[in-house]
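Engineer: Quick one: the structure is below, and I'll ask about it shortly.
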Amino acid sequence: MLRTKEQYHEDLFKMKTNVFIGGERVGRDDHRLRPGINVLDVTFDLARESKWKGLITATSSITGEEINRWSHLPQNPYDLLQKQKMIRCVARRVGGCIQRCMGHDAISALAICTKEIDEAKGTDYHKRFMTYLRDYQMKDGDGCCAQTDSKGDRTKRPSEQPNPDAYVHVVEERKEGIVVSGVKMSITQVAYADEIFVLPTRALMEDDRDFAVAFALPADWDGIKLITRPVWLREKDDPGAAPFYKYGVSDSVVVFDNVFVPKERVFMCREWEFGRRLALLFADSHRHSYSGCKPGMSDVLCGAAMLAAEANNIQKISHIREKLSSYAGAAELAYAAGVASAVYGEKTSSGVFFPNKIYANVGRRLTGELIYHEYNLLTEIAGGIAVTLPFEEDFHAESTKKYLDKFIVRNPKLSPEISLKIWKFVENVGASPMSSWYEIAGVHGGGSPIMETIALNLDYDFDEKKRLGRYLSGIDETFDDTKALGLEPTFGTSLASDDRQELKK
(Lines give C-alpha, C1' and ligand atoms only; values in the text may rest on other atoms or scores of the structure.)
Protein backbone atom coordinates (compact mmCIF):
# COMPACT_ATOMS: atom_id res chain seq x y z
CA MET A 1 0.00 0.00 0.00
CA LEU A 2 0.97 3.64 -0.39
CA ARG A 3 0.08 5.62 2.72
CA THR A 4 -1.28 9.13 2.54
CA LYS A 5 0.27 11.76 4.75
CA GLU A 6 -2.97 11.79 6.71
CA GLN A 7 -2.60 8.06 7.41
CA TYR A 8 1.02 8.66 8.38
CA HIS A 9 -0.12 11.37 10.83
CA GLU A 10 -2.81 9.12 12.28
CA ASP A 11 -0.27 6.36 12.95
CA LEU A 12 2.31 8.81 14.26
CA PHE A 13 0.17 10.81 16.65
CA LYS A 14 -1.22 7.74 18.42
CA MET A 15 2.29 6.52 19.34
CA LYS A 16 3.27 6.53 23.01
CA THR A 17 4.86 9.72 24.35
CA ASN A 18 8.52 8.81 24.74
CA VAL A 19 9.89 12.02 23.15
CA PHE A 20 11.58 14.59 25.42
CA ILE A 21 12.31 18.18 24.38
CA GLY A 22 13.93 20.58 26.85
CA GLY A 23 13.16 18.30 29.78
CA GLU A 24 9.49 17.98 28.83
CA ARG A 25 7.79 14.77 27.70
CA VAL A 26 5.82 15.61 24.54
CA GLY A 27 3.60 13.95 21.99
CA ARG A 28 4.59 13.62 18.37
CA ASP A 29 2.06 16.33 17.54
CA ASP A 30 4.28 18.89 19.30
CA HIS A 31 4.66 21.96 17.05
CA ARG A 32 8.47 21.79 17.29
CA LEU A 33 8.47 18.47 15.45
CA ARG A 34 6.15 19.70 12.72
CA PRO A 35 8.83 21.08 10.34
CA GLY A 36 10.41 17.62 10.08
CA ILE A 37 7.04 15.94 9.68
CA ASN A 38 6.33 18.37 6.83
CA VAL A 39 9.36 17.00 4.99
CA LEU A 40 8.11 13.42 5.28
CA ASP A 41 4.66 14.57 4.14
CA VAL A 42 6.19 15.52 0.79
CA THR A 43 7.54 12.00 0.31
CA PHE A 44 4.10 10.50 0.91
CA ASP A 45 2.36 13.05 -1.34
CA LEU A 46 4.70 12.57 -4.29
CA ALA A 47 4.37 8.78 -4.20
CA ARG A 48 0.68 9.16 -4.96
CA GLU A 49 1.11 11.57 -7.88
CA SER A 50 1.04 9.88 -11.28
CA LYS A 51 3.92 11.90 -12.75
CA TRP A 52 6.26 10.59 -10.01
CA LYS A 53 5.36 6.92 -10.51
CA GLY A 54 8.46 4.84 -11.13
CA LEU A 55 10.66 7.41 -9.43
CA ILE A 56 9.17 7.75 -5.95
CA THR A 57 7.61 4.30 -6.30
CA ALA A 58 9.00 0.93 -7.38
CA THR A 59 7.87 -2.66 -7.89
CA SER A 60 8.65 -4.73 -4.81
CA SER A 61 11.08 -7.60 -5.40
CA ILE A 62 9.27 -9.40 -2.57
CA THR A 63 5.57 -9.02 -3.42
CA GLY A 64 5.58 -7.72 -7.01
CA GLU A 65 3.35 -4.83 -5.91
CA GLU A 66 3.88 -1.10 -6.16
CA ILE A 67 5.60 0.29 -3.07
CA ASN A 68 7.32 3.47 -1.97
CA ARG A 69 10.90 3.43 -3.25
CA TRP A 70 12.11 4.31 0.25
CA SER A 71 11.34 0.71 1.30
CA HIS A 72 12.58 -0.95 -1.92
CA LEU A 73 15.68 -3.16 -2.16
CA PRO A 74 17.68 -2.08 -5.26
CA GLN A 75 17.85 -4.90 -7.80
CA ASN A 76 20.02 -3.32 -10.51
CA PRO A 77 21.86 -0.13 -11.45
CA TYR A 78 18.63 1.48 -12.64
CA ASP A 79 17.18 1.20 -9.12
CA LEU A 80 20.23 2.95 -7.68
CA LEU A 81 20.06 5.68 -10.30
CA GLN A 82 16.38 6.21 -9.56
CA LYS A 83 17.11 6.39 -5.84
CA GLN A 84 19.77 9.02 -6.45
CA LYS A 85 17.53 11.03 -8.78
CA MET A 86 14.60 10.77 -6.35
CA ILE A 87 16.68 12.10 -3.46
CA ARG A 88 17.95 15.08 -5.44
CA CYS A 89 14.50 15.91 -6.80
CA VAL A 90 12.82 15.81 -3.39
CA ALA A 91 15.71 17.63 -1.67
CA ARG A 92 15.19 20.52 -4.05
CA ARG A 93 11.48 20.67 -3.20
CA VAL A 94 12.01 20.84 0.58
CA GLY A 95 15.20 22.90 0.52
CA GLY A 96 17.47 20.20 1.92
CA CYS A 97 17.55 16.89 3.79
CA ILE A 98 14.85 14.33 2.94
CA GLN A 99 15.62 12.29 6.08
CA ARG A 100 14.20 9.01 4.72
CA CYS A 101 17.35 7.81 2.95
CA MET A 102 18.75 6.39 6.21
CA GLY A 103 15.94 3.85 6.43
CA HIS A 104 16.48 2.87 2.81
CA ASP A 105 20.21 2.41 3.32
CA ALA A 106 19.64 0.41 6.51
CA ILE A 107 17.33 -2.14 4.88
CA SER A 108 19.78 -2.60 1.99
CA ALA A 109 22.62 -3.20 4.45
CA LEU A 110 20.56 -5.63 6.54
CA ALA A 111 19.34 -7.60 3.53
CA ILE A 112 22.91 -8.10 2.32
CA CYS A 113 24.59 -8.78 5.66
CA THR A 114 21.96 -11.15 7.06
CA LYS A 115 22.41 -13.31 3.97
CA GLU A 116 26.18 -13.32 4.39
CA ILE A 117 25.96 -14.18 8.10
CA ASP A 118 23.64 -17.09 7.26
CA GLU A 119 26.05 -18.33 4.59
CA ALA A 120 28.95 -18.27 7.04
CA LYS A 121 27.21 -19.30 10.27
CA GLY A 122 24.15 -21.32 9.26
CA THR A 123 21.78 -18.87 10.98
CA ASP A 124 18.36 -17.82 9.70
CA TYR A 125 18.64 -14.04 9.97
CA HIS A 126 17.98 -13.38 6.28
CA LYS A 127 14.65 -15.21 6.17
CA ARG A 128 13.69 -13.45 9.40
CA PHE A 129 14.60 -10.04 8.00
CA MET A 130 12.84 -10.58 4.68
CA THR A 131 9.67 -11.60 6.54
CA TYR A 132 9.95 -8.39 8.54
CA LEU A 133 10.64 -6.33 5.42
CA ARG A 134 7.59 -7.68 3.59
CA ASP A 135 5.38 -6.36 6.39
CA TYR A 136 7.33 -3.07 6.47
CA GLN A 137 6.78 -2.58 2.74
CA MET A 138 3.09 -3.44 2.90
CA LYS A 139 2.59 -0.87 5.68
CA ASP A 140 4.58 1.75 3.74
CA GLY A 141 6.74 2.18 6.82
CA ASP A 142 9.14 5.00 7.53
CA GLY A 143 12.32 3.90 9.27
CA CYS A 144 15.40 5.70 10.53
CA CYS A 145 18.83 4.24 11.18
CA ALA A 146 20.40 4.40 14.64
CA GLN A 147 24.04 3.60 13.97
CA THR A 148 26.18 6.21 15.75
CA ASP A 149 26.98 5.20 19.33
CA SER A 150 28.05 7.80 21.87
CA LYS A 151 31.42 5.90 21.94
CA GLY A 152 32.65 7.21 25.31
CA ASP A 153 36.46 7.18 25.53
CA ARG A 154 37.55 7.17 21.88
CA THR A 155 40.86 5.50 22.78
CA LYS A 156 39.10 2.38 24.09
CA ARG A 157 37.24 -0.41 22.33
CA PRO A 158 33.56 -1.05 23.21
CA SER A 159 34.40 -3.88 25.62
CA GLU A 160 36.99 -1.68 27.35
CA GLN A 161 34.65 1.21 28.13
CA PRO A 162 34.14 2.02 31.82
CA ASN A 163 30.53 2.76 30.84
CA PRO A 164 29.31 -0.14 28.67
CA ASP A 165 26.24 1.90 27.65
CA ALA A 166 28.55 4.05 25.51
CA TYR A 167 27.71 1.43 22.87
CA VAL A 168 24.41 -0.41 22.44
CA HIS A 169 25.00 -3.98 23.52
CA VAL A 170 23.34 -7.27 24.42
CA VAL A 171 22.64 -7.53 28.15
CA GLU A 172 20.78 -10.83 28.09
CA GLU A 173 19.89 -13.47 25.53
CA ARG A 174 16.61 -15.32 25.99
CA LYS A 175 14.80 -17.98 23.99
CA GLU A 176 12.16 -15.46 22.90
CA GLY A 177 14.55 -12.57 22.21
CA ILE A 178 17.30 -10.37 23.63
CA VAL A 179 17.63 -7.46 26.07
CA VAL A 180 19.75 -4.50 24.98
CA SER A 181 21.07 -1.39 26.66
CA GLY A 182 23.02 1.69 25.54
CA VAL A 183 22.81 5.01 23.74
CA LYS A 184 22.79 6.07 20.10
CA MET A 185 23.29 9.73 19.21
CA SER A 186 22.69 12.23 16.39
CA ILE A 187 19.81 10.14 15.07
CA THR A 188 17.84 12.17 12.54
CA GLN A 189 14.01 12.00 12.29
CA VAL A 190 13.60 9.20 14.84
CA ALA A 191 11.08 11.36 16.76
CA TYR A 192 8.63 11.05 13.86
CA ALA A 193 9.62 7.66 12.41
CA ASP A 194 7.62 4.45 12.59
CA GLU A 195 10.63 2.18 13.12
CA ILE A 196 14.23 2.33 14.32
CA PHE A 197 16.86 0.17 12.60
CA VAL A 198 19.81 -0.35 14.98
CA LEU A 199 23.18 -1.29 13.46
CA PRO A 200 26.79 -1.53 14.72
CA THR A 201 28.89 1.57 14.25
CA ARG A 202 32.37 0.07 13.87
CA ALA A 203 34.62 -2.97 13.43
CA LEU A 204 34.57 -5.31 16.45
CA MET A 205 36.86 -7.86 18.04
CA GLU A 206 35.86 -11.09 19.76
CA ASP A 207 35.91 -9.37 23.16
CA ASP A 208 33.33 -6.92 21.71
CA ARG A 209 30.88 -9.65 20.75
CA ASP A 210 28.09 -8.28 22.98
CA PHE A 211 28.20 -5.07 20.93
CA ALA A 212 27.58 -6.91 17.64
CA VAL A 213 23.83 -6.45 17.51
CA ALA A 214 21.28 -5.37 14.92
CA PHE A 215 17.53 -5.16 15.25
CA ALA A 216 14.41 -3.14 14.42
CA LEU A 217 11.83 -1.79 16.85
CA PRO A 218 8.90 0.63 16.76
CA ALA A 219 10.12 4.07 17.79
CA ASP A 220 7.82 4.13 20.83
CA TRP A 221 8.79 0.67 22.13
CA ASP A 222 8.93 0.15 25.90
CA GLY A 223 12.26 1.24 27.36
CA ILE A 224 13.19 3.59 24.50
CA LYS A 225 13.53 7.31 25.24
CA LEU A 226 14.09 9.93 22.53
CA ILE A 227 15.81 13.05 23.88
CA THR A 228 15.24 15.35 20.94
CA ARG A 229 16.62 18.61 19.55
CA PRO A 230 14.41 20.13 16.83
CA VAL A 231 15.97 22.50 14.31
CA TRP A 232 13.86 25.00 12.44
CA LEU A 233 13.73 28.65 11.45
CA ARG A 234 12.88 31.53 13.75
CA GLU A 235 9.44 31.47 15.35
CA LYS A 236 8.91 35.00 14.03
CA ASP A 237 9.03 33.85 10.43
CA ASP A 238 5.65 33.30 8.87
CA PRO A 239 5.47 29.58 7.99
CA GLY A 240 3.09 30.40 5.17
CA ALA A 241 5.34 33.01 3.63
CA ALA A 242 7.42 30.65 1.47
CA PRO A 243 7.86 26.89 1.01
CA PHE A 244 11.36 26.89 2.50
CA TYR A 245 10.08 28.06 5.88
CA LYS A 246 7.84 25.03 6.40
CA TYR A 247 10.64 22.50 6.66
CA GLY A 248 13.10 21.49 9.34
CA VAL A 249 14.66 18.50 11.06
CA SER A 250 15.01 16.90 14.48
CA ASP A 251 17.83 14.81 15.92
CA SER A 252 17.71 12.64 19.01
CA VAL A 253 19.78 10.86 21.59
CA VAL A 254 18.15 7.41 21.64
CA VAL A 255 18.30 5.68 25.01
CA PHE A 256 17.78 1.91 25.21
CA ASP A 257 17.13 1.20 28.89
CA ASN A 258 17.20 -2.61 29.14
CA VAL A 259 14.92 -2.96 26.14
CA PHE A 260 13.51 -6.34 25.16
CA VAL A 261 13.76 -7.14 21.43
CA PRO A 262 11.58 -10.02 20.17
CA LYS A 263 13.51 -12.73 18.34
CA GLU A 264 11.74 -12.08 15.03
CA ARG A 265 13.16 -8.54 15.08
CA VAL A 266 16.78 -9.54 15.84
CA PHE A 267 19.03 -9.60 12.76
CA MET A 268 22.48 -9.94 14.36
CA CYS A 269 23.38 -11.18 17.82
CA ARG A 270 27.05 -11.46 18.81
CA GLU A 271 28.37 -12.29 15.28
CA TRP A 272 31.26 -9.90 15.94
CA GLU A 273 33.10 -10.81 12.72
CA PHE A 274 30.34 -9.04 10.74
CA GLY A 275 30.26 -5.81 12.77
CA ARG A 276 32.52 -3.97 10.36
CA ARG A 277 30.78 -5.40 7.31
CA LEU A 278 27.32 -4.29 8.40
CA ALA A 279 28.56 -0.87 9.52
CA LEU A 280 30.23 -0.23 6.17
CA LEU A 281 27.33 -1.60 4.12
CA PHE A 282 25.12 1.07 5.64
CA ALA A 283 27.78 3.78 5.44
CA ASP A 284 28.66 3.13 1.80
CA SER A 285 25.01 2.93 0.75
CA HIS A 286 24.36 6.17 2.64
CA ARG A 287 27.32 7.84 0.92
CA HIS A 288 25.75 6.91 -2.39
CA SER A 289 22.54 8.56 -1.19
CA TYR A 290 24.57 11.70 -0.51
CA SER A 291 25.33 11.85 -4.23
CA GLY A 292 21.67 12.76 -4.59
CA CYS A 293 20.95 14.92 -1.55
CA LYS A 294 24.15 16.97 -1.49
CA PRO A 295 23.81 18.05 -5.14
CA GLY A 296 20.25 19.00 -4.21
CA MET A 297 21.61 21.17 -1.39
CA SER A 298 24.15 22.71 -3.77
CA ASP A 299 21.23 23.58 -6.05
CA VAL A 300 19.51 25.36 -3.14
CA LEU A 301 22.65 27.29 -2.22
CA CYS A 302 23.24 28.19 -5.87
CA GLY A 303 19.67 29.46 -6.19
CA ALA A 304 20.07 31.60 -3.07
CA ALA A 305 23.41 32.97 -4.32
CA MET A 306 21.93 33.84 -7.71
CA LEU A 307 19.02 35.68 -6.08
CA ALA A 308 21.46 37.55 -3.83
CA ALA A 309 23.52 38.55 -6.86
CA GLU A 310 20.39 39.78 -8.60
CA ALA A 311 19.22 41.71 -5.54
CA ASN A 312 22.67 43.35 -5.32
CA ASN A 313 22.56 43.99 -9.11
CA ILE A 314 25.93 42.26 -9.59
CA GLN A 315 24.73 39.15 -11.44
CA LYS A 316 26.67 39.96 -14.62
CA ILE A 317 30.03 40.71 -13.00
CA SER A 318 32.66 38.17 -14.05
CA HIS A 319 33.95 37.13 -10.62
CA ILE A 320 30.35 36.53 -9.50
CA ARG A 321 29.79 34.24 -12.47
CA GLU A 322 32.99 32.43 -11.58
CA LYS A 323 31.80 31.90 -8.00
CA LEU A 324 28.46 30.58 -9.22
CA SER A 325 30.24 28.05 -11.42
CA SER A 326 31.70 26.50 -8.27
CA TYR A 327 28.22 25.35 -7.31
CA ALA A 328 27.88 23.63 -10.67
CA GLY A 329 31.20 21.88 -10.17
CA ALA A 330 30.34 20.67 -6.67
CA ALA A 331 26.83 19.50 -7.53
CA GLU A 332 27.49 17.77 -10.80
CA LEU A 333 30.78 16.11 -9.86
CA ALA A 334 29.12 14.61 -6.78
CA TYR A 335 26.11 13.55 -8.83
CA ALA A 336 28.37 12.04 -11.51
CA ALA A 337 30.20 10.04 -8.83
CA GLY A 338 26.84 8.68 -7.74
CA VAL A 339 25.95 7.71 -11.30
CA ALA A 340 29.29 5.94 -11.69
CA SER A 341 28.75 4.22 -8.32
CA ALA A 342 25.40 2.91 -9.52
CA VAL A 343 26.63 1.83 -12.95
CA TYR A 344 29.72 0.04 -11.60
CA GLY A 345 27.96 -1.52 -8.60
CA GLU A 346 27.69 -5.22 -7.84
CA LYS A 347 25.00 -7.84 -7.33
CA THR A 348 25.27 -9.40 -3.89
CA SER A 349 24.29 -12.93 -2.90
CA SER A 350 21.13 -11.51 -1.32
CA GLY A 351 19.97 -10.21 -4.72
CA VAL A 352 20.43 -6.59 -3.60
CA PHE A 353 22.42 -4.46 -6.02
CA PHE A 354 25.03 -2.44 -4.13
CA PRO A 355 26.78 0.77 -5.24
CA ASN A 356 30.47 0.83 -6.09
CA LYS A 357 32.28 1.82 -2.88
CA ILE A 358 35.08 3.80 -4.50
CA TYR A 359 32.82 6.17 -6.43
CA ALA A 360 30.40 6.49 -3.49
CA ASN A 361 33.21 7.51 -1.14
CA VAL A 362 34.88 9.84 -3.63
CA GLY A 363 31.63 11.72 -4.19
CA ARG A 364 30.83 11.91 -0.49
CA ARG A 365 34.30 13.16 0.47
CA LEU A 366 34.15 15.84 -2.19
CA THR A 367 30.87 17.21 -0.82
CA GLY A 368 32.08 17.13 2.79
CA GLU A 369 35.19 19.09 1.91
CA LEU A 370 33.30 21.72 -0.11
CA ILE A 371 30.25 22.46 2.05
CA TYR A 372 31.76 25.36 4.00
CA HIS A 373 33.23 26.78 0.80
CA GLU A 374 29.76 26.81 -0.75
CA TYR A 375 28.38 28.72 2.22
CA ASN A 376 31.33 31.09 2.04
CA LEU A 377 30.52 31.82 -1.60
CA LEU A 378 26.96 32.73 -0.63
CA THR A 379 28.30 35.04 2.09
CA GLU A 380 30.69 36.76 -0.32
CA ILE A 381 27.96 37.34 -2.89
CA ALA A 382 25.24 38.40 -0.44
CA GLY A 383 27.25 40.51 1.99
CA GLY A 384 26.52 41.17 5.65
CA ILE A 385 22.80 41.76 5.19
CA ALA A 386 22.16 38.07 5.87
CA VAL A 387 22.87 38.65 9.58
CA THR A 388 21.93 42.31 10.01
CA LEU A 389 18.51 42.39 8.34
CA PRO A 390 15.82 44.04 10.53
CA PHE A 391 12.96 41.85 11.66
CA GLU A 392 10.13 41.35 9.22
CA GLU A 393 7.69 43.21 11.49
CA ASP A 394 9.74 46.37 10.97
CA PHE A 395 9.12 46.17 7.23
CA HIS A 396 5.38 46.28 7.86
CA ALA A 397 5.18 48.69 10.80
CA GLU A 398 3.80 52.13 9.89
CA SER A 399 6.63 53.99 11.65
CA THR A 400 9.47 52.19 9.82
CA LYS A 401 8.07 50.77 6.58
CA LYS A 402 8.72 53.82 4.38
CA TYR A 403 12.37 53.90 5.38
CA LEU A 404 12.97 50.19 5.00
CA ASP A 405 11.23 50.01 1.61
CA LYS A 406 13.95 52.32 0.31
CA PHE A 407 16.72 50.60 2.24
CA ILE A 408 15.94 47.09 0.99
CA VAL A 409 16.03 47.92 -2.74
CA ARG A 410 19.48 47.64 -4.29
CA ASN A 411 18.41 46.63 -7.77
CA PRO A 412 15.95 49.18 -9.19
CA LYS A 413 14.29 46.46 -11.25
CA LEU A 414 13.08 44.70 -8.08
CA SER A 415 10.25 45.90 -5.85
CA PRO A 416 10.68 46.25 -2.07
CA GLU A 417 8.43 43.21 -1.60
CA ILE A 418 10.50 40.97 -3.88
CA SER A 419 13.77 42.32 -2.44
CA LEU A 420 12.61 41.48 1.08
CA LYS A 421 11.61 37.94 0.06
CA ILE A 422 15.07 37.41 -1.43
CA TRP A 423 16.94 38.66 1.61
CA LYS A 424 14.79 36.72 4.04
CA PHE A 425 15.48 33.59 1.97
CA VAL A 426 19.22 34.33 1.92
CA GLU A 427 19.14 34.91 5.68
CA ASN A 428 17.43 31.62 6.37
CA VAL A 429 19.56 29.62 3.94
CA GLY A 430 22.85 31.14 5.10
CA ALA A 431 22.48 32.40 8.67
CA SER A 432 19.89 30.42 10.63
CA PRO A 433 19.79 27.35 12.87
CA MET A 434 19.01 25.30 9.75
CA SER A 435 22.07 26.58 7.89
CA SER A 436 24.32 25.65 10.81
CA TRP A 437 22.77 22.20 10.84
CA TYR A 438 23.39 21.77 7.11
CA GLU A 439 27.01 22.89 7.42
CA ILE A 440 27.86 20.36 10.12
CA ALA A 441 25.68 17.61 8.64
CA GLY A 442 27.37 18.26 5.30
CA VAL A 443 30.71 17.36 6.86
CA HIS A 444 29.67 14.51 9.17
CA GLY A 445 26.48 12.99 7.75
CA GLY A 446 27.24 9.52 6.43
CA GLY A 447 30.76 9.81 7.82
CA SER A 448 33.19 12.70 7.95
CA PRO A 449 35.79 13.11 5.17
CA ILE A 450 38.38 11.16 7.17
CA MET A 451 36.05 8.14 7.14
CA GLU A 452 35.79 8.32 3.36
CA THR A 453 39.60 8.59 3.26
CA ILE A 454 39.88 5.43 5.36
CA ALA A 455 37.40 3.64 3.12
CA LEU A 456 39.32 4.66 0.00
CA ASN A 457 42.61 3.51 1.50
CA LEU A 458 41.02 0.15 2.25
CA ASP A 459 39.33 -0.45 -1.11
CA TYR A 460 41.22 1.52 -3.76
CA ASP A 461 43.75 -0.46 -5.82
CA PHE A 462 46.85 1.63 -5.15
CA ASP A 463 49.10 -1.32 -6.00
CA GLU A 464 47.80 -1.28 -9.57
CA LYS A 465 48.90 2.37 -9.86
CA LYS A 466 52.29 1.48 -8.46
CA ARG A 467 52.67 -1.28 -11.06
CA LEU A 468 51.84 1.28 -13.72
CA GLY A 469 54.57 3.53 -12.34
CA ARG A 470 57.07 0.69 -12.35
CA TYR A 471 56.28 -0.05 -16.00
CA LEU A 472 56.49 3.59 -17.12
CA SER A 473 59.75 4.12 -15.23
CA GLY A 474 61.31 1.07 -16.85
CA ILE A 475 61.56 -1.05 -13.70
CA ASP A 476 59.15 -3.69 -15.09
CA GLU A 477 59.05 -4.73 -18.73
CA THR A 478 55.31 -5.44 -18.85
CA PHE A 479 52.14 -4.08 -17.31
CA ASP A 480 48.78 -5.84 -17.37
CA ASP A 481 45.95 -3.30 -17.16
CA THR A 482 43.16 -5.49 -18.50
CA LYS A 483 41.48 -5.66 -15.12
CA ALA A 484 41.57 -1.92 -14.50
CA LEU A 485 40.58 -0.84 -17.99
CA GLY A 486 38.39 -3.78 -18.94
CA LEU A 487 35.51 -2.73 -16.70
CA GLU A 488 32.20 -2.75 -18.46
CA PRO A 489 29.37 -0.65 -17.03
CA THR A 490 27.15 -3.11 -15.20
CA PHE A 491 23.97 -1.89 -16.83
CA GLY A 492 25.27 -3.28 -20.12
CA THR A 493 24.87 -6.87 -18.97
CA SER A 494 22.78 -7.14 -15.82
CA LEU A 495 19.62 -5.34 -16.82
CA ALA A 496 16.74 -6.65 -18.83
CA SER A 497 16.36 -4.95 -22.22
CA ASP A 498 13.35 -2.93 -21.03
CA ASP A 499 15.36 -1.61 -18.09
CA ARG A 500 18.24 -0.66 -20.38
CA GLN A 501 15.85 1.35 -22.48
CA GLU A 502 14.57 3.14 -19.37
CA LEU A 503 18.15 3.87 -18.33
CA LYS A 504 18.93 5.42 -21.70
CA LYS A 505 15.94 7.73 -21.32
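Please note that chains go A, B, ... in the order of the C-alpha coordinates, that every chain numbers its residues from 1, and that ligands are numbered from 1 in the order shown.
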What lies within 6 Å of Asp251 in chain A using only C-alpha atoms, ignoring chain neighbours under 5 positions off, as an NGL selection string?
Structural biologist: :A and (186-189 or 228-229)
Engineer: Apply DSSP to the backbone of this structure and, from range 80-218 of chain A, keep only the residues in helix (DSSP H, G or I); write these as a PyMOL selection string.
Structural biologist: chain A and resi 80-94+101-121+125-138+158-160+164-166+190-192+206-211
Engineer: For Asn38 in chain A, which residue among A:Val249, A:Ile227, A:Val429, A:Ala305 is the nearest when counting only C-alpha atoms?
Structural biologist: A:Val249
Engineer: How far is it from CA of Ala219 in chain A to CA of Val90 in chain A, in Å with one decimal?
Structural biologist: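 Straight-line distance from CA of Ala219 in chain A to CA of Val90 in chain A works out to 24.4 Å.
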Engineer: Determine the nearest neighbour of Ala58 in chain A from the options A:Leu217, A:Asp461, A:Asp118, A:Asp140, counting only C-alpha atoms.
Structural biologist: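 Ranked by minimum distance to Ala58 in chain A, first place goes to A:Asp140.
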